[in-house]
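Trainee: As input, take final_35.txt (compact mmCIF, N, CA and C atoms):
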# COMPACT_ATOMS: atom_id res chain seq x y z
N GLN I 1338 0.84 -1.18 0.00
CA GLN I 1338 0.00 0.00 0.00
C GLN I 1338 0.90 1.25 0.00
N VAL I 1339 0.63 2.15 -0.92
CA VAL I 1339 1.39 3.38 -1.03
C VAL I 1339 0.75 4.44 -0.14
N HIS I 1340 1.57 5.12 0.63
CA HIS I 1340 1.09 6.20 1.47
C HIS I 1340 1.69 7.51 1.02
N LEU I 1341 0.87 8.52 0.93
CA LEU I 1341 1.30 9.87 0.61
C LEU I 1341 0.91 10.76 1.77
N VAL I 1342 1.90 11.39 2.37
CA VAL I 1342 1.65 12.23 3.53
C VAL I 1342 1.94 13.68 3.15
N GLU I 1343 0.93 14.50 3.22
CA GLU I 1343 1.04 15.89 2.82
C GLU I 1343 1.23 16.80 4.02
N SER I 1344 1.89 17.92 3.77
CA SER I 1344 2.01 18.95 4.79
C SER I 1344 2.11 20.30 4.09
N GLY I 1345 1.97 21.35 4.87
CA GLY I 1345 2.01 22.69 4.32
C GLY I 1345 0.60 23.19 4.04
N GLY I 1346 0.50 24.15 3.19
CA GLY I 1346 -0.79 24.75 2.90
C GLY I 1346 -1.18 25.76 3.97
N GLY I 1347 -2.45 26.07 4.04
CA GLY I 1347 -2.92 27.07 5.00
C GLY I 1347 -3.45 28.28 4.27
N SER I 1348 -3.25 29.45 4.87
CA SER I 1348 -3.81 30.68 4.33
C SER I 1348 -2.71 31.66 3.95
N ALA I 1349 -3.00 32.45 2.94
CA ALA I 1349 -2.07 33.49 2.51
C ALA I 1349 -2.87 34.62 1.88
N GLN I 1350 -2.26 35.77 1.80
CA GLN I 1350 -2.89 36.90 1.12
C GLN I 1350 -2.54 36.85 -0.36
N PRO I 1351 -3.34 37.47 -1.20
CA PRO I 1351 -2.99 37.55 -2.62
C PRO I 1351 -1.60 38.14 -2.79
N GLY I 1352 -0.84 37.52 -3.66
CA GLY I 1352 0.54 37.93 -3.87
C GLY I 1352 1.53 37.24 -2.96
N GLY I 1353 1.04 36.51 -1.98
CA GLY I 1353 1.90 35.82 -1.03
C GLY I 1353 2.36 34.47 -1.54
N SER I 1354 2.99 33.71 -0.63
CA SER I 1354 3.57 32.42 -0.99
C SER I 1354 3.21 31.37 0.06
N LEU I 1355 3.16 30.14 -0.40
CA LEU I 1355 3.01 28.96 0.45
C LEU I 1355 3.81 27.83 -0.16
N ARG I 1356 4.13 26.84 0.66
CA ARG I 1356 4.81 25.66 0.13
C ARG I 1356 4.14 24.41 0.65
N LEU I 1357 3.92 23.48 -0.26
CA LEU I 1357 3.38 22.17 0.08
C LEU I 1357 4.48 21.12 -0.02
N SER I 1358 4.38 20.12 0.83
CA SER I 1358 5.29 18.98 0.77
C SER I 1358 4.46 17.70 0.72
N CYS I 1359 5.02 16.70 0.11
CA CYS I 1359 4.37 15.40 0.05
C CYS I 1359 5.45 14.33 0.10
N THR I 1360 5.32 13.43 1.05
CA THR I 1360 6.27 12.34 1.19
C THR I 1360 5.59 11.02 0.88
N ALA I 1361 6.21 10.28 -0.02
CA ALA I 1361 5.65 8.99 -0.43
C ALA I 1361 6.38 7.85 0.29
N SER I 1362 5.77 6.68 0.26
CA SER I 1362 6.38 5.52 0.91
C SER I 1362 7.31 4.78 -0.04
N GLY I 1363 7.56 5.37 -1.23
CA GLY I 1363 8.49 4.80 -2.19
C GLY I 1363 8.83 5.86 -3.21
N ARG I 1364 9.54 5.45 -4.25
CA ARG I 1364 9.93 6.42 -5.28
C ARG I 1364 8.97 6.32 -6.46
N TYR I 1365 8.30 7.45 -6.72
CA TYR I 1365 7.29 7.52 -7.78
C TYR I 1365 7.38 8.87 -8.47
N ALA I 1366 6.79 8.96 -9.64
CA ALA I 1366 6.47 10.27 -10.19
C ALA I 1366 5.42 10.87 -9.25
N MET I 1367 5.56 12.16 -8.96
CA MET I 1367 4.67 12.78 -7.97
C MET I 1367 4.20 14.14 -8.45
N GLY I 1368 3.16 14.62 -7.84
CA GLY I 1368 2.67 15.94 -8.20
C GLY I 1368 1.42 16.29 -7.42
N TRP I 1369 0.73 17.32 -7.92
CA TRP I 1369 -0.48 17.78 -7.25
C TRP I 1369 -1.61 18.07 -8.25
N TYR I 1370 -2.79 17.82 -7.78
CA TYR I 1370 -4.01 18.32 -8.38
C TYR I 1370 -4.68 19.22 -7.36
N ARG I 1371 -5.62 20.03 -7.80
CA ARG I 1371 -6.39 20.84 -6.86
C ARG I 1371 -7.85 20.85 -7.28
N GLN I 1372 -8.70 21.12 -6.29
CA GLN I 1372 -10.13 21.19 -6.56
C GLN I 1372 -10.77 22.22 -5.65
N SER I 1373 -11.63 23.03 -6.22
CA SER I 1373 -12.38 24.01 -5.45
C SER I 1373 -13.86 23.75 -5.70
N PRO I 1374 -14.73 24.26 -4.83
CA PRO I 1374 -16.17 23.97 -4.95
C PRO I 1374 -16.72 24.36 -6.32
N GLY I 1375 -17.45 23.44 -6.92
CA GLY I 1375 -18.08 23.70 -8.20
C GLY I 1375 -17.17 23.56 -9.40
N ARG I 1376 -15.93 23.16 -9.17
CA ARG I 1376 -14.98 23.02 -10.27
C ARG I 1376 -14.43 21.60 -10.31
N GLU I 1377 -14.01 21.19 -11.49
CA GLU I 1377 -13.42 19.87 -11.63
C GLU I 1377 -12.00 19.87 -11.05
N ARG I 1378 -11.57 18.70 -10.71
CA ARG I 1378 -10.20 18.57 -10.22
C ARG I 1378 -9.24 18.96 -11.35
N GLU I 1379 -8.25 19.76 -11.02
CA GLU I 1379 -7.36 20.37 -12.01
C GLU I 1379 -5.92 19.97 -11.75
N PHE I 1380 -5.22 19.61 -12.81
CA PHE I 1380 -3.79 19.30 -12.71
C PHE I 1380 -3.02 20.56 -12.38
N VAL I 1381 -2.10 20.45 -11.42
CA VAL I 1381 -1.27 21.59 -11.03
C VAL I 1381 0.17 21.41 -11.52
N ALA I 1382 0.80 20.34 -11.11
CA ALA I 1382 2.19 20.12 -11.48
C ALA I 1382 2.59 18.68 -11.18
N SER I 1383 3.64 18.22 -11.87
CA SER I 1383 4.17 16.89 -11.59
C SER I 1383 5.66 16.86 -11.90
N ILE I 1384 6.31 15.83 -11.38
CA ILE I 1384 7.75 15.70 -11.56
C ILE I 1384 8.10 14.23 -11.64
N THR I 1385 9.05 13.90 -12.49
CA THR I 1385 9.46 12.51 -12.63
C THR I 1385 10.16 12.03 -11.37
N TYR I 1386 10.31 10.72 -11.23
CA TYR I 1386 10.79 10.19 -9.95
C TYR I 1386 12.25 10.56 -9.68
N LYS I 1387 13.00 10.89 -10.72
CA LYS I 1387 14.38 11.36 -10.52
C LYS I 1387 14.46 12.88 -10.56
N GLY I 1388 13.34 13.54 -10.87
CA GLY I 1388 13.32 14.99 -10.88
C GLY I 1388 13.83 15.64 -12.15
N ALA I 1389 14.08 14.83 -13.17
CA ALA I 1389 14.66 15.38 -14.40
C ALA I 1389 13.64 16.19 -15.21
N ASN I 1390 12.42 15.79 -15.17
CA ASN I 1390 11.37 16.46 -15.95
C ASN I 1390 10.25 16.96 -15.04
N LYS I 1391 9.78 18.17 -15.35
CA LYS I 1391 8.74 18.80 -14.55
C LYS I 1391 7.64 19.31 -15.48
N TYR I 1392 6.43 19.26 -14.99
CA TYR I 1392 5.29 19.71 -15.78
C TYR I 1392 4.42 20.60 -14.90
N HIS I 1393 3.97 21.71 -15.46
CA HIS I 1393 3.12 22.63 -14.72
C HIS I 1393 1.88 22.96 -15.54
N GLY I 1394 0.74 23.03 -14.87
CA GLY I 1394 -0.48 23.41 -15.55
C GLY I 1394 -0.46 24.86 -15.98
N ALA I 1395 -1.23 25.17 -16.99
CA ALA I 1395 -1.21 26.51 -17.57
C ALA I 1395 -1.58 27.58 -16.54
N ALA I 1396 -2.47 27.27 -15.64
CA ALA I 1396 -2.94 28.27 -14.68
C ALA I 1396 -1.89 28.67 -13.66
N VAL I 1397 -0.87 27.83 -13.49
CA VAL I 1397 0.13 28.11 -12.45
C VAL I 1397 1.52 28.31 -13.01
N ARG I 1398 1.68 28.09 -14.29
CA ARG I 1398 3.01 28.18 -14.90
C ARG I 1398 3.59 29.58 -14.70
N GLY I 1399 4.84 29.60 -14.23
CA GLY I 1399 5.50 30.88 -13.98
C GLY I 1399 5.30 31.39 -12.56
N ARG I 1400 4.37 30.78 -11.83
CA ARG I 1400 4.14 31.19 -10.44
C ARG I 1400 4.43 30.07 -9.45
N PHE I 1401 4.14 28.85 -9.84
CA PHE I 1401 4.38 27.69 -8.99
C PHE I 1401 5.58 26.92 -9.53
N ALA I 1402 6.28 26.25 -8.62
CA ALA I 1402 7.43 25.44 -9.04
C ALA I 1402 7.46 24.15 -8.24
N ILE I 1403 7.51 23.04 -8.96
CA ILE I 1403 7.60 21.74 -8.30
C ILE I 1403 9.05 21.31 -8.26
N SER I 1404 9.43 20.62 -7.20
CA SER I 1404 10.78 20.09 -7.08
C SER I 1404 10.70 18.86 -6.19
N ARG I 1405 11.82 18.20 -6.04
CA ARG I 1405 11.84 17.06 -5.13
C ARG I 1405 13.24 16.86 -4.60
N ASP I 1406 13.35 16.17 -3.50
CA ASP I 1406 14.68 15.86 -2.97
C ASP I 1406 15.15 14.55 -3.59
N THR I 1407 16.26 14.04 -3.12
CA THR I 1407 16.80 12.81 -3.69
C THR I 1407 16.09 11.57 -3.16
N GLY I 1408 15.17 11.78 -2.26
CA GLY I 1408 14.45 10.66 -1.69
C GLY I 1408 13.04 10.55 -2.19
N THR I 1409 12.10 10.70 -1.29
CA THR I 1409 10.71 10.44 -1.63
C THR I 1409 9.80 11.63 -1.36
N THR I 1410 10.36 12.82 -1.24
CA THR I 1410 9.54 13.99 -0.94
C THR I 1410 9.54 14.97 -2.10
N ALA I 1411 8.34 15.42 -2.46
CA ALA I 1411 8.17 16.44 -3.48
C ALA I 1411 7.67 17.72 -2.81
N TYR I 1412 7.98 18.85 -3.46
CA TYR I 1412 7.60 20.15 -2.93
C TYR I 1412 6.89 20.95 -4.01
N LEU I 1413 5.95 21.75 -3.59
CA LEU I 1413 5.29 22.69 -4.50
C LEU I 1413 5.41 24.07 -3.90
N GLN I 1414 6.28 24.88 -4.49
CA GLN I 1414 6.44 26.27 -4.06
C GLN I 1414 5.43 27.10 -4.83
N MET I 1415 4.56 27.77 -4.11
CA MET I 1415 3.48 28.56 -4.72
C MET I 1415 3.72 30.03 -4.42
N ASN I 1416 4.02 30.79 -5.46
CA ASN I 1416 4.29 32.22 -5.33
C ASN I 1416 3.23 33.02 -6.06
N ARG I 1417 3.18 34.30 -5.75
CA ARG I 1417 2.22 35.21 -6.39
C ARG I 1417 0.83 34.61 -6.39
N LEU I 1418 0.41 34.18 -5.24
CA LEU I 1418 -0.86 33.50 -5.11
C LEU I 1418 -2.03 34.42 -5.45
N LYS I 1419 -3.06 33.81 -6.01
CA LYS I 1419 -4.28 34.51 -6.37
C LYS I 1419 -5.46 33.87 -5.65
N PRO I 1420 -6.53 34.59 -5.45
CA PRO I 1420 -7.70 33.99 -4.80
C PRO I 1420 -8.19 32.73 -5.52
N GLU I 1421 -8.06 32.69 -6.82
CA GLU I 1421 -8.52 31.51 -7.56
C GLU I 1421 -7.61 30.29 -7.39
N ASP I 1422 -6.50 30.47 -6.69
CA ASP I 1422 -5.66 29.32 -6.35
C ASP I 1422 -6.20 28.57 -5.13
N SER I 1423 -7.19 29.14 -4.48
CA SER I 1423 -7.76 28.49 -3.30
C SER I 1423 -8.40 27.16 -3.68
N GLY I 1424 -8.30 26.21 -2.75
CA GLY I 1424 -8.91 24.91 -2.97
C GLY I 1424 -8.20 23.86 -2.15
N ILE I 1425 -8.61 22.62 -2.36
CA ILE I 1425 -7.92 21.50 -1.72
C ILE I 1425 -6.89 20.98 -2.70
N TYR I 1426 -5.69 20.87 -2.24
CA TYR I 1426 -4.58 20.39 -3.05
C TYR I 1426 -4.30 18.94 -2.68
N TYR I 1427 -4.34 18.08 -3.68
CA TYR I 1427 -4.14 16.65 -3.47
C TYR I 1427 -2.80 16.22 -4.06
N CYS I 1428 -1.98 15.63 -3.23
CA CYS I 1428 -0.76 15.01 -3.72
C CYS I 1428 -1.14 13.74 -4.47
N ALA I 1429 -0.42 13.47 -5.54
CA ALA I 1429 -0.70 12.27 -6.34
C ALA I 1429 0.62 11.62 -6.75
N ALA I 1430 0.56 10.33 -7.03
CA ALA I 1430 1.77 9.61 -7.42
C ALA I 1430 1.42 8.50 -8.40
N ASP I 1431 2.41 8.14 -9.19
CA ASP I 1431 2.21 7.08 -10.18
C ASP I 1431 3.54 6.39 -10.41
N THR I 1432 3.46 5.09 -10.66
CA THR I 1432 4.68 4.33 -10.88
C THR I 1432 5.25 4.50 -12.29
N VAL I 1433 4.39 4.93 -13.22
CA VAL I 1433 4.84 4.97 -14.62
C VAL I 1433 4.65 6.35 -15.25
N ASN I 1434 3.46 6.92 -15.12
CA ASN I 1434 3.10 8.12 -15.87
C ASN I 1434 3.54 9.38 -15.15
N ALA I 1435 4.59 10.02 -15.64
CA ALA I 1435 5.12 11.21 -14.97
C ALA I 1435 4.20 12.42 -15.11
N ARG I 1436 3.33 12.42 -16.08
CA ARG I 1436 2.40 13.54 -16.24
C ARG I 1436 1.17 13.38 -15.36
N LEU I 1437 1.09 12.26 -14.67
CA LEU I 1437 -0.01 12.01 -13.72
C LEU I 1437 -1.37 12.22 -14.35
N GLU I 1438 -1.53 11.69 -15.54
CA GLU I 1438 -2.81 11.86 -16.21
C GLU I 1438 -3.92 11.09 -15.50
N ARG I 1439 -3.59 9.94 -14.97
CA ARG I 1439 -4.54 9.17 -14.16
C ARG I 1439 -3.76 8.57 -13.01
N PRO I 1440 -3.50 9.37 -11.99
CA PRO I 1440 -2.64 8.90 -10.90
C PRO I 1440 -3.15 7.64 -10.23
N GLU I 1441 -2.23 6.80 -9.87
CA GLU I 1441 -2.60 5.56 -9.18
C GLU I 1441 -2.91 5.83 -7.70
N TYR I 1442 -2.23 6.81 -7.13
CA TYR I 1442 -2.32 7.01 -5.69
C TYR I 1442 -2.62 8.48 -5.38
N TRP I 1443 -3.33 8.67 -4.27
CA TRP I 1443 -3.74 10.02 -3.87
C TRP I 1443 -3.47 10.23 -2.39
N GLY I 1444 -3.09 11.48 -2.06
CA GLY I 1444 -3.00 11.87 -0.67
C GLY I 1444 -4.36 12.31 -0.15
N GLN I 1445 -4.36 12.72 1.10
CA GLN I 1445 -5.62 13.06 1.76
C GLN I 1445 -6.10 14.47 1.42
N GLY I 1446 -5.21 15.29 0.88
CA GLY I 1446 -5.58 16.65 0.52
C GLY I 1446 -5.28 17.63 1.64
N THR I 1447 -4.92 18.84 1.23
CA THR I 1447 -4.64 19.91 2.19
C THR I 1447 -5.25 21.20 1.66
N GLN I 1448 -5.80 21.99 2.54
CA GLN I 1448 -6.52 23.19 2.15
C GLN I 1448 -5.56 24.36 1.94
N VAL I 1449 -5.77 25.08 0.84
CA VAL I 1449 -5.07 26.32 0.57
C VAL I 1449 -6.13 27.40 0.38
N THR I 1450 -5.98 28.48 1.14
CA THR I 1450 -6.93 29.59 1.05
C THR I 1450 -6.16 30.87 0.79
N VAL I 1451 -6.53 31.56 -0.27
CA VAL I 1451 -5.90 32.83 -0.62
C VAL I 1451 -6.96 33.91 -0.53
N SER I 1452 -6.78 34.79 0.42
CA SER I 1452 -7.80 35.80 0.67
C SER I 1452 -7.20 36.98 1.39
N SER I 1453 -7.73 38.15 1.10
CA SER I 1453 -7.29 39.34 1.80
C SER I 1453 -8.16 39.60 3.03
Here is a file; write its structure as structure tokens.
Mentor:
Amino acid sequence: QVHLVESGGGSAQPGGSLRLSCTASGRYAMGWYRQSPGREREFVASITYKGANKYHGAAVRGRFAISRDTGTTAYLQMNRLKPEDSGIYYCAADTVNARLERPEYWGQGTQVTVSS
């Protein structure tokens, strides 16, 4: 059984920053999706298991950056936050697909709220 443990998130003002972390119980391609009320779950970013390739969704490109350490933890640095970035952020992982088009595994989700 794969476990994904998320941390970080919380509240920030528009223009501020937050960082999410996700630790897996093994080495996988990892990333995040997000979902807010009334909207479909949206791809945010992903990274290959060695960190060589990174993918960011159009809505966050240039503001968010995914990275990972040499082990099993991925990070999502979120800068220049906007109110529309608010939602539940779900860590996801997959053994094969680095773009996380249909992730095999999901974390429990963490709330991000951007508001003045």
Trainee: Point out the residue among I:Leu1437, I:Cys1428, I:Ala1395, I:Gly1368 with the least atom-to-atom distance to Ala1382 in chain I, counting all atoms listed in the file.
Mentor: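 The answer is I:Gly1368, which sits nearest to Ala1382 in chain I.
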Trainee: List as a short mmCIF file (atom, residue, chain, number, x, y, z; two decimals) with N, CA and C atoms, in the coordinates of the input the protein and nucleic acid residues near Ser1373 in chain I, meaning an atom at most 5 Å away when all atoms listed in the file are counted, but skip any in the same chain fewer than 2 places from it.
Mentor:
data_model
loop_
_atom_site.label_atom_id
_atom_site.label_comp_id
_atom_site.auth_asym_id
_atom_site.auth_seq_id
_atom_site.Cartn_x
_atom_site.Cartn_y
_atom_site.Cartn_z
N ARG I 1371 -5.62 20.03 -7.80
CA ARG I 1371 -6.39 20.84 -6.86
C ARG I 1371 -7.85 20.85 -7.28
N GLY I 1375 -17.45 23.44 -6.92
CA GLY I 1375 -18.08 23.70 -8.20
C GLY I 1375 -17.17 23.56 -9.40
N ARG I 1376 -15.93 23.16 -9.17
CA ARG I 1376 -14.98 23.02 -10.27
C ARG I 1376 -14.43 21.60 -10.31
N GLY I 1424 -8.30 26.21 -2.75
CA GLY I 1424 -8.91 24.91 -2.97
C GLY I 1424 -8.20 23.86 -2.15
N ILE I 1425 -8.61 22.62 -2.36
CA ILE I 1425 -7.92 21.50 -1.72
C ILE I 1425 -6.89 20.98 -2.70
#
Trainee: Find the spatial neighbours of Trp1369 in chain I, counting only C-alpha atoms, within a cut-off of 7 Å - ignore same-chain residues fewer than 3 positions away - and output them as a PyMOL selection string.
Mentor: chain I and resi 1380-1383+1426-1429
Trainee: May I have a table of the residues of range 1342-1361 of chain I lying at most 7 Å from range 1399-1420 of chain I, giving each one's closest pair of atoms and their distance in Å to one decimal, counting all atoms listed in the file, ordered by chain and ascending residue number, as CSV?
Mentor:
residue,atom,partner,partner_atom,distance
I:Gln1350,C,I:Leu1418,C,5.7
I:Pro1351,CA,I:Leu1418,C,4.3
I:Gly1352,N,I:Leu1418,C,3.8
I:Gly1353,N,I:Leu1418,N,4.1
I:Ser1354,CA,I:Met1415,C,4.2
I:Leu1355,C,I:Met1415,N,4.0
I:Arg1356,CA,I:Leu1413,C,4.4
I:Leu1357,C,I:Leu1413,N,3.9
I:Ser1358,CA,I:Ala1411,C,4.5
I:Cys1359,C,I:Ala1411,N,4.0
I:Thr1360,CA,I:Thr1410,CA,4.2
I:Ala1361,N,I:Thr1409,C,4.1
Trainee: So how many Å separate CA of Asn1390 in chain I and atom N of Thr1450 in chain I, to one decimal?
Mentor: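 Pair CA of Asn1390 in chain I / atom N of Thr1450 in chain I returns 27.2 Å.
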Trainee: Could I get range 1343-1367 of chain I from the block written as a PDB file, in the first residue's frame, with N, CA, C and O atoms?
Mentor:
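part-v3.pdb written:
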ATOM      1  N   GLU I1343       0.928  14.499   3.224  1.00  0.00           N
ATOM      2  CA  GLU I1343       1.042  15.887   2.819  1.00  0.00           C
ATOM      3  C   GLU I1343       1.227  16.803   4.019  1.00  0.00           C
ATOM      4  O   GLU I1343       0.727  16.518   5.116  1.00  0.00           O
ATOM      5  N   SER I1344       1.886  17.916   3.774  1.00  0.00           N
ATOM      6  CA  SER I1344       2.008  18.953   4.789  1.00  0.00           C
ATOM      7  C   SER I1344       2.106  20.300   4.091  1.00  0.00           C
ATOM      8  O   SER I1344       2.370  20.377   2.892  1.00  0.00           O
ATOM      9  N   GLY I1345       1.968  21.350   4.874  1.00  0.00           N
ATOM     10  CA  GLY I1345       2.008  22.691   4.316  1.00  0.00           C
ATOM     11  C   GLY I1345       0.605  23.194   4.045  1.00  0.00           C
ATOM     12  O   GLY I1345      -0.366  22.683   4.586  1.00  0.00           O
ATOM     13  N   GLY I1346       0.505  24.153   3.188  1.00  0.00           N
ATOM     14  CA  GLY I1346      -0.794  24.747   2.900  1.00  0.00           C
ATOM     15  C   GLY I1346      -1.176  25.758   3.966  1.00  0.00           C
ATOM     16  O   GLY I1346      -0.336  26.264   4.691  1.00  0.00           O
ATOM     17  N   GLY I1347      -2.450  26.070   4.042  1.00  0.00           N
ATOM     18  CA  GLY I1347      -2.916  27.069   4.995  1.00  0.00           C
ATOM     19  C   GLY I1347      -3.452  28.279   4.274  1.00  0.00           C
ATOM     20  O   GLY I1347      -4.034  28.168   3.194  1.00  0.00           O
ATOM     21  N   SER I1348      -3.253  29.448   4.872  1.00  0.00           N
ATOM     22  CA  SER I1348      -3.811  30.682   4.329  1.00  0.00           C
ATOM     23  C   SER I1348      -2.713  31.665   3.951  1.00  0.00           C
ATOM     24  O   SER I1348      -1.653  31.685   4.575  1.00  0.00           O
ATOM     25  N   ALA I1349      -2.997  32.452   2.943  1.00  0.00           N
ATOM     26  CA  ALA I1349      -2.071  33.492   2.509  1.00  0.00           C
ATOM     27  C   ALA I1349      -2.866  34.618   1.878  1.00  0.00           C
ATOM     28  O   ALA I1349      -4.016  34.418   1.447  1.00  0.00           O
ATOM     29  N   GLN I1350      -2.264  35.775   1.804  1.00  0.00           N
ATOM     30  CA  GLN I1350      -2.889  36.902   1.122  1.00  0.00           C
ATOM     31  C   GLN I1350      -2.545  36.853  -0.355  1.00  0.00           C
ATOM     32  O   GLN I1350      -1.537  36.248  -0.743  1.00  0.00           O
ATOM     33  N   PRO I1351      -3.341  37.469  -1.200  1.00  0.00           N
ATOM     34  CA  PRO I1351      -2.988  37.553  -2.616  1.00  0.00           C
ATOM     35  C   PRO I1351      -1.601  38.142  -2.790  1.00  0.00           C
ATOM     36  O   PRO I1351      -1.241  39.120  -2.116  1.00  0.00           O
ATOM     37  N   GLY I1352      -0.837  37.521  -3.659  1.00  0.00           N
ATOM     38  CA  GLY I1352       0.539  37.934  -3.868  1.00  0.00           C
ATOM     39  C   GLY I1352       1.530  37.239  -2.958  1.00  0.00           C
ATOM     40  O   GLY I1352       2.743  37.359  -3.171  1.00  0.00           O
ATOM     41  N   GLY I1353       1.035  36.510  -1.978  1.00  0.00           N
ATOM     42  CA  GLY I1353       1.898  35.821  -1.034  1.00  0.00           C
ATOM     43  C   GLY I1353       2.361  34.465  -1.537  1.00  0.00           C
ATOM     44  O   GLY I1353       2.146  34.107  -2.709  1.00  0.00           O
ATOM     45  N   SER I1354       2.994  33.714  -0.629  1.00  0.00           N
ATOM     46  CA  SER I1354       3.566  32.422  -0.985  1.00  0.00           C
ATOM     47  C   SER I1354       3.210  31.368   0.055  1.00  0.00           C
ATOM     48  O   SER I1354       3.016  31.678   1.233  1.00  0.00           O
ATOM     49  N   LEU I1355       3.162  30.136  -0.405  1.00  0.00           N
ATOM     50  CA  LEU I1355       3.006  28.964   0.452  1.00  0.00           C
ATOM     51  C   LEU I1355       3.805  27.832  -0.160  1.00  0.00           C
ATOM     52  O   LEU I1355       4.101  27.853  -1.367  1.00  0.00           O
ATOM     53  N   ARG I1356       4.125  26.835   0.656  1.00  0.00           N
ATOM     54  CA  ARG I1356       4.812  25.660   0.133  1.00  0.00           C
ATOM     55  C   ARG I1356       4.137  24.406   0.652  1.00  0.00           C
ATOM     56  O   ARG I1356       3.852  24.280   1.855  1.00  0.00           O
ATOM     57  N   LEU I1357       3.918  23.483  -0.265  1.00  0.00           N
ATOM     58  CA  LEU I1357       3.376  22.169   0.077  1.00  0.00           C
ATOM     59  C   LEU I1357       4.480  21.123  -0.022  1.00  0.00           C
ATOM     60  O   LEU I1357       5.379  21.239  -0.852  1.00  0.00           O
ATOM     61  N   SER I1358       4.379  20.116   0.829  1.00  0.00           N
ATOM     62  CA  SER I1358       5.288  18.980   0.771  1.00  0.00           C
ATOM     63  C   SER I1358       4.462  17.701   0.724  1.00  0.00           C
ATOM     64  O   SER I1358       3.346  17.650   1.251  1.00  0.00           O
ATOM     65  N   CYS I1359       5.025  16.703   0.109  1.00  0.00           N
ATOM     66  CA  CYS I1359       4.371  15.404   0.054  1.00  0.00           C
ATOM     67  C   CYS I1359       5.447  14.330   0.104  1.00  0.00           C
ATOM     68  O   CYS I1359       6.360  14.340  -0.735  1.00  0.00           O
ATOM     69  N   THR I1360       5.322  13.434   1.052  1.00  0.00           N
ATOM     70  CA  THR I1360       6.275  12.343   1.195  1.00  0.00           C
ATOM     71  C   THR I1360       5.591  11.023   0.884  1.00  0.00           C
ATOM     72  O   THR I1360       4.540  10.713   1.449  1.00  0.00           O
ATOM     73  N   ALA I1361       6.210  10.280  -0.025  1.00  0.00           N
ATOM     74  CA  ALA I1361       5.653   8.987  -0.429  1.00  0.00           C
ATOM     75  C   ALA I1361       6.381   7.849   0.289  1.00  0.00           C
ATOM     76  O   ALA I1361       7.473   8.033   0.821  1.00  0.00           O
ATOM     77  N   SER I1362       5.771   6.683   0.263  1.00  0.00           N
ATOM     78  CA  SER I1362       6.375   5.519   0.912  1.00  0.00           C
ATOM     79  C   SER I1362       7.307   4.782  -0.036  1.00  0.00           C
ATOM     80  O   SER I1362       7.793   3.695   0.292  1.00  0.00           O
ATOM     81  N   GLY I1363       7.557   5.366  -1.228  1.00  0.00           N
ATOM     82  CA  GLY I1363       8.489   4.800  -2.191  1.00  0.00           C
ATOM     83  C   GLY I1363       8.835   5.859  -3.211  1.00  0.00           C
ATOM     84  O   GLY I1363       8.445   7.030  -3.074  1.00  0.00           O
ATOM     85  N   ARG I1364       9.540   5.452  -4.245  1.00  0.00           N
ATOM     86  CA  ARG I1364       9.931   6.416  -5.281  1.00  0.00           C
ATOM     87  C   ARG I1364       8.966   6.324  -6.464  1.00  0.00           C
ATOM     88  O   ARG I1364       8.861   5.270  -7.101  1.00  0.00           O
ATOM     89  N   TYR I1365       8.297   7.451  -6.719  1.00  0.00           N
ATOM     90  CA  TYR I1365       7.291   7.515  -7.779  1.00  0.00           C
ATOM     91  C   TYR I1365       7.376   8.868  -8.467  1.00  0.00           C
ATOM     92  O   TYR I1365       7.943   9.821  -7.918  1.00  0.00           O
ATOM     93  N   ALA I1366       6.786   8.962  -9.644  1.00  0.00           N
ATOM     94  CA  ALA I1366       6.467  10.271 -10.186  1.00  0.00           C
ATOM     95  C   ALA I1366       5.421  10.870  -9.246  1.00  0.00           C
ATOM     96  O   ALA I1366       4.507  10.173  -8.808  1.00  0.00           O
ATOM     97  N   MET I1367       5.561  12.165  -8.958  1.00  0.00           N
ATOM     98  CA  MET I1367       4.669  12.777  -7.968  1.00  0.00           C
ATOM     99  C   MET I1367       4.201  14.142  -8.447  1.00  0.00           C
ATOM    100  O   MET I1367       4.812  14.752  -9.336  1.00  0.00           O
TER     101      MET I1367
END
